[in-house]
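Q: The following file, run16.cif, comprises mmCIF, C-alpha atoms:
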```cif
data_work
#
loop_
_atom_site.label_atom_id
_atom_site.label_comp_id
_atom_site.auth_asym_id
_atom_site.auth_seq_id
_atom_site.Cartn_x
_atom_site.Cartn_y
_atom_site.Cartn_z
CA MET A 97 0.00 0.00 0.00
CA ALA A 98 1.53 3.29 -1.04
CA SER A 99 1.56 6.29 1.21
CA SER A 100 2.84 9.78 0.84
CA SER A 101 4.03 12.39 3.25
CA SER A 102 4.20 16.15 2.93
CA SER A 103 6.96 16.41 5.52
CA SER A 104 10.62 15.63 5.16
CA THR A 105 10.12 12.35 7.02
CA SER A 106 10.91 9.37 4.84
CA THR A 107 8.16 6.82 4.53
CA ILE A 108 8.66 3.09 4.36
CA ASN A 109 5.87 1.46 2.38
CA LEU A 110 5.25 -1.89 4.01
CA PRO A 111 2.10 -3.99 4.10
CA ARG A 112 0.14 -3.24 7.25
CA LYS A 113 -1.71 -5.80 9.34
CA HIS A 114 -4.09 -3.28 10.93
CA HIS A 115 -5.50 -0.04 9.69
CA VAL A 116 -5.80 1.48 13.18
CA PHE A 117 -4.13 0.96 16.55
CA LEU A 118 -6.06 2.30 19.57
CA SER A 119 -3.99 3.54 22.52
CA PHE A 120 -6.08 4.27 25.61
CA ARG A 121 -6.23 4.01 29.40
CA GLY A 122 -8.62 1.12 29.94
CA GLU A 123 -10.04 2.20 33.28
CA ASP A 124 -11.02 5.59 31.78
CA THR A 125 -12.41 4.76 28.37
CA ARG A 126 -12.52 1.00 27.63
CA VAL A 127 -16.22 0.74 28.45
CA GLY A 128 -17.85 3.62 26.65
CA PHE A 129 -15.85 5.83 24.32
CA THR A 130 -13.18 3.36 23.18
CA SER A 131 -15.54 0.40 22.79
CA HIS A 132 -17.94 2.56 20.75
CA LEU A 133 -15.11 3.88 18.57
CA HIS A 134 -13.82 0.34 18.05
CA ALA A 135 -17.27 -0.94 17.09
CA ALA A 136 -17.80 1.96 14.66
CA LEU A 137 -14.46 1.31 12.96
CA GLU A 138 -15.20 -2.40 12.70
CA ARG A 139 -18.63 -1.67 11.15
CA LYS A 140 -16.78 0.29 8.45
CA ASN A 141 -14.50 -2.76 7.89
CA ILE A 142 -11.52 -0.88 9.29
CA LEU A 143 -9.18 -3.45 10.82
CA THR A 144 -8.55 -2.17 14.32
CA PHE A 145 -6.18 -3.40 16.98
CA ILE A 146 -7.48 -3.03 20.50
CA ASP A 147 -5.64 -4.56 23.44
CA ASN A 148 -8.33 -6.35 25.41
CA ASP A 149 -5.75 -8.31 27.37
CA LEU A 150 -5.72 -6.70 30.81
CA ARG A 151 -2.21 -7.81 31.78
CA ARG A 152 -0.39 -5.69 34.32
CA GLY A 153 3.28 -4.98 33.95
CA ASP A 154 5.93 -2.39 33.37
CA GLU A 155 6.88 -3.20 29.78
CA ILE A 156 4.68 -3.42 26.74
CA SER A 157 4.82 -6.82 25.13
CA PRO A 158 6.63 -7.47 21.85
CA SER A 159 3.29 -8.36 20.25
CA LEU A 160 1.92 -4.93 21.20
CA VAL A 161 4.99 -3.20 19.75
CA LYS A 162 4.48 -5.21 16.55
CA ALA A 163 0.78 -4.22 16.44
CA ILE A 164 1.78 -0.55 16.61
CA GLU A 165 4.39 -0.98 13.89
CA ASP A 166 1.97 -2.93 11.69
CA SER A 167 -0.76 -0.27 11.81
CA MET A 168 -1.21 2.54 9.31
CA LEU A 169 -2.69 4.90 11.86
CA SER A 170 -2.73 5.22 15.63
CA VAL A 171 -5.46 6.92 17.61
CA ILE A 172 -4.18 8.11 20.98
CA ILE A 173 -7.12 8.55 23.33
CA PHE A 174 -5.82 10.88 26.03
CA SER A 175 -7.95 10.73 29.17
CA GLN A 176 -7.59 11.87 32.75
CA ASN A 177 -5.50 8.88 33.87
CA TYR A 178 -3.58 8.16 30.64
CA ALA A 179 -0.34 9.43 32.21
CA SER A 180 -0.80 7.20 35.27
CA SER A 181 0.16 4.20 33.15
CA LYS A 182 3.77 3.54 32.20
CA TRP A 183 2.33 1.05 29.70
CA CYS A 184 0.35 3.83 27.95
CA LEU A 185 3.37 6.13 27.92
CA ASP A 186 5.55 3.38 26.42
CA GLU A 187 2.88 2.85 23.73
CA LEU A 188 2.96 6.60 23.08
CA LEU A 189 6.74 6.54 22.64
CA LYS A 190 6.43 3.67 20.14
CA ILE A 191 3.63 5.43 18.25
CA LEU A 192 5.67 8.62 17.93
CA GLU A 193 8.69 6.59 16.81
CA SER A 194 6.54 4.88 14.15
CA ARG A 195 5.29 8.29 13.08
CA LYS A 196 8.85 9.48 12.51
CA VAL A 197 10.38 6.30 11.09
CA ARG A 198 7.47 4.72 9.19
CA GLY A 199 5.32 7.74 8.40
CA GLN A 200 2.47 6.37 10.52
CA ILE A 201 -0.39 8.81 11.07
CA ALA A 202 -1.03 9.64 14.73
CA ILE A 203 -4.32 11.24 15.75
CA PRO A 204 -4.82 12.37 19.33
CA VAL A 205 -8.31 12.42 20.81
CA PHE A 206 -8.57 14.51 23.97
CA TYR A 207 -11.27 12.69 25.92
CA GLU A 208 -12.51 15.01 28.65
CA VAL A 209 -9.01 16.43 29.12
CA ASP A 210 -7.60 19.73 27.91
CA PRO A 211 -4.75 19.43 25.37
CA SER A 212 -2.86 22.23 27.16
CA ASP A 213 -2.89 20.17 30.39
CA ILE A 214 -1.16 17.36 28.50
CA ARG A 215 1.25 19.72 26.77
CA ASN A 216 2.21 21.48 30.00
CA LEU A 217 1.61 18.59 32.40
CA SER A 218 -0.66 20.85 34.40
CA GLY A 219 -3.98 20.42 36.19
CA SER A 220 -5.05 16.99 37.34
CA PHE A 221 -3.38 15.41 34.28
CA GLY A 222 -0.05 16.79 35.52
CA ASP A 223 -0.81 15.57 39.05
CA VAL A 224 -1.42 12.04 37.74
CA PHE A 225 1.91 12.12 35.87
CA ALA A 226 3.75 13.37 38.98
CA GLN A 227 2.26 10.46 40.96
CA LEU A 228 3.51 8.00 38.32
CA VAL A 229 7.01 9.52 38.46
CA LYS A 230 7.06 9.12 42.24
CA ARG A 231 5.37 5.68 42.34
CA LYS A 232 7.62 4.13 39.69
CA ALA A 233 10.73 6.08 40.77
CA LEU A 234 11.41 7.01 37.16
CA LYS A 235 14.93 8.00 36.22
CA MET A 236 15.34 11.61 35.09
CA GLU A 237 16.03 10.52 31.49
CA GLU A 238 12.89 8.39 31.34
CA GLU A 239 10.75 11.15 32.88
CA GLN A 240 12.07 13.70 30.37
CA CYS A 241 11.40 11.30 27.50
CA TYR A 242 7.76 10.91 28.60
CA ARG A 243 7.39 14.68 29.08
CA ALA A 244 8.69 15.33 25.57
CA ALA A 245 6.42 12.65 24.07
CA LEU A 246 3.32 14.03 25.79
CA ASN A 247 4.19 17.54 24.62
CA GLU A 248 4.81 16.36 21.05
CA ALA A 249 1.58 14.35 20.89
CA ALA A 250 -0.49 17.19 22.40
CA ASN A 251 0.81 19.47 19.63
CA ILE A 252 -0.48 17.18 16.88
CA SER A 253 -3.76 18.38 15.47
CA GLY A 254 -6.42 16.18 17.02
CA HIS A 255 -9.98 16.06 18.27
CA ASP A 256 -11.40 17.36 21.53
CA SER A 257 -14.32 15.30 22.84
CA LYS A 258 -15.71 18.41 24.54
CA LYS A 259 -16.25 19.98 21.12
CA ILE A 260 -18.10 17.04 19.57
CA GLU A 261 -21.86 17.17 19.91
CA PHE A 262 -24.37 14.52 18.97
CA SER A 263 -28.02 14.97 18.10
CA TYR A 264 -30.78 12.49 17.43
CA THR A 265 -32.41 12.65 14.00
CA GLY A 266 -35.75 11.19 15.07
CA ASN A 267 -35.36 8.05 12.95
CA GLY A 268 -33.27 6.26 15.57
CA ARG A 269 -29.98 7.55 14.18
CA VAL A 270 -27.37 9.73 15.79
CA ARG A 271 -25.82 12.62 13.88
CA LYS A 272 -22.43 14.06 14.82
CA ASN A 273 -22.12 17.84 14.86
CA SER A 274 -18.51 18.79 15.30
CA ASN A 275 -15.47 20.56 14.02
CA ILE A 276 -14.10 17.27 12.66
CA ASP A 277 -12.98 17.67 9.08
CA PRO A 278 -15.08 15.55 6.67
CA GLU A 279 -11.76 14.34 5.23
CA PHE A 280 -10.91 12.81 8.64
CA PRO A 281 -8.63 9.89 7.70
CA LEU A 282 -10.83 7.24 9.30
#
```
Produce structure tokens that represent the structure in this file.

A:
Amino acid sequence: MASSSSSSTSTINLPRKHHVFLSFRGEDTRVGFTSHLHAALERKNILTFIDNDLRRGDEISPSLVKAIEDSMLSVIIFSQNYASSKWCLDELLKILESRKVRGQIAIPVFYEVDPSDIRNLSGSFGDVFAQLVKRKALKMEEEQCYRAALNEAANISGHDSKKIEFSYTGNGRVRKNSNIDPEFPL
């Protein structure tokens, strides 16, 4: 599958196993937003990777790294507790690496969290990150790497859930009224 890029980043055109990789904090969005997004993508025959394995651990598995690498696009669903998970932050690092190296598209969704709080690690999002740093006793280099990744991802043009409105059409259907571009890559 060919892809093009308008930036100076070189793109490696490899076959992809998944169209979309979903990165999310399970306790915040698995039941609700993420499950609805996953179902909607599947209904459109968009092959979507969602990690439904609730393993706990400090390192993301090689199969998860491969799923990120094998996807054309990653949707990063930032939520209140996203930065409380080293697992999520490691996924984020891999997604941003794939964006640079493979030309993967990364789309942040700010689910009930302000992008500036992610960018600046402020508000309760910043508090959650500070707790992770203390709880996991992160080394300065690792902490700085996560800070830079969160800042970079928050600066990517994305979608704010607070600005998406839904209305019912009367025929049992839901219509989305938002600022989302009709050329949205999904």

Q: Taking the file as shown, what set of residues would the PyMOL selection byres ((chain A and resi 120) around 10) give back, as a list in words?

A: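 Selected by the PyMOL selection byres ((chain A and resi 120) around 10) in this file: Phe117, Leu118, Ser119, Arg121, Gly122, Glu123, Asp124, Thr125, Arg126, Phe129, Thr130, Ile146, Asp147, Val171, Ile172, Ile173, Phe174, Ser175, Asn177, Tyr178, Ser181, Trp183, Cys184, Leu185, Glu187, Leu188, Val205 and Tyr207 of chain A.
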
Q: To verify the selection step, state as an mmCIF file with C-alpha atoms, keeping the file's coordinate frame which residues the PyMOL selection byres ((chain A and resi 215) around 7) yields on this input.

A:
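Contents of out-v3.cif, freshly written:
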```
data_model
loop_
_atom_site.group_PDB
_atom_site.id
_atom_site.type_symbol
_atom_site.label_atom_id
_atom_site.label_comp_id
_atom_site.auth_asym_id
_atom_site.auth_seq_id
_atom_site.Cartn_x
_atom_site.Cartn_y
_atom_site.Cartn_z
ATOM 1 C CA PRO A 211 -4.750 19.430 25.370
ATOM 2 C CA SER A 212 -2.860 22.230 27.160
ATOM 3 C CA ASP A 213 -2.890 20.170 30.390
ATOM 4 C CA ILE A 214 -1.160 17.360 28.500
ATOM 5 C CA ASN A 216 2.210 21.480 30.000
ATOM 6 C CA LEU A 217 1.610 18.590 32.400
ATOM 7 C CA LEU A 246 3.320 14.030 25.790
ATOM 8 C CA ASN A 247 4.190 17.540 24.620
ATOM 9 C CA ALA A 250 -0.490 17.190 22.400
#
```

Q: Could you tell me, as a PyMOL selection string, exactly which residues end up selected when the PyMOL selection byres ((chain A and resi 166) around 10) is applied to this structure?

A: chain A and resi 110-117+145+160-165+167-169+194+198+200

Q: Pick the closest to A:Asn148 from A:Val209, A:Val127, A:Ile191, A:Ala245: which is it, counting all atoms listed in the file?

A: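 Distance minimum relative to A:Asn148 lands on A:Val127.
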
Q: By how many Å are atom CA of A:Val224 and atom CA of A:Lys196 apart?

A: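 Answer for the atom CA of A:Val224 to atom CA of A:Lys196 separation: 27.4 Å.
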
Q: Set the distance at 12 Å and use only C-alpha atoms: which residues neighbour A:Ala226 once local chain neighbours fewer than 4 positions away are removed? I'd like the list as a count of residues only.

A: 20

Q: In Å, how far is it from atom CA of A:Lys258 to atom CA of A:Phe225?

A: 21.9 Å
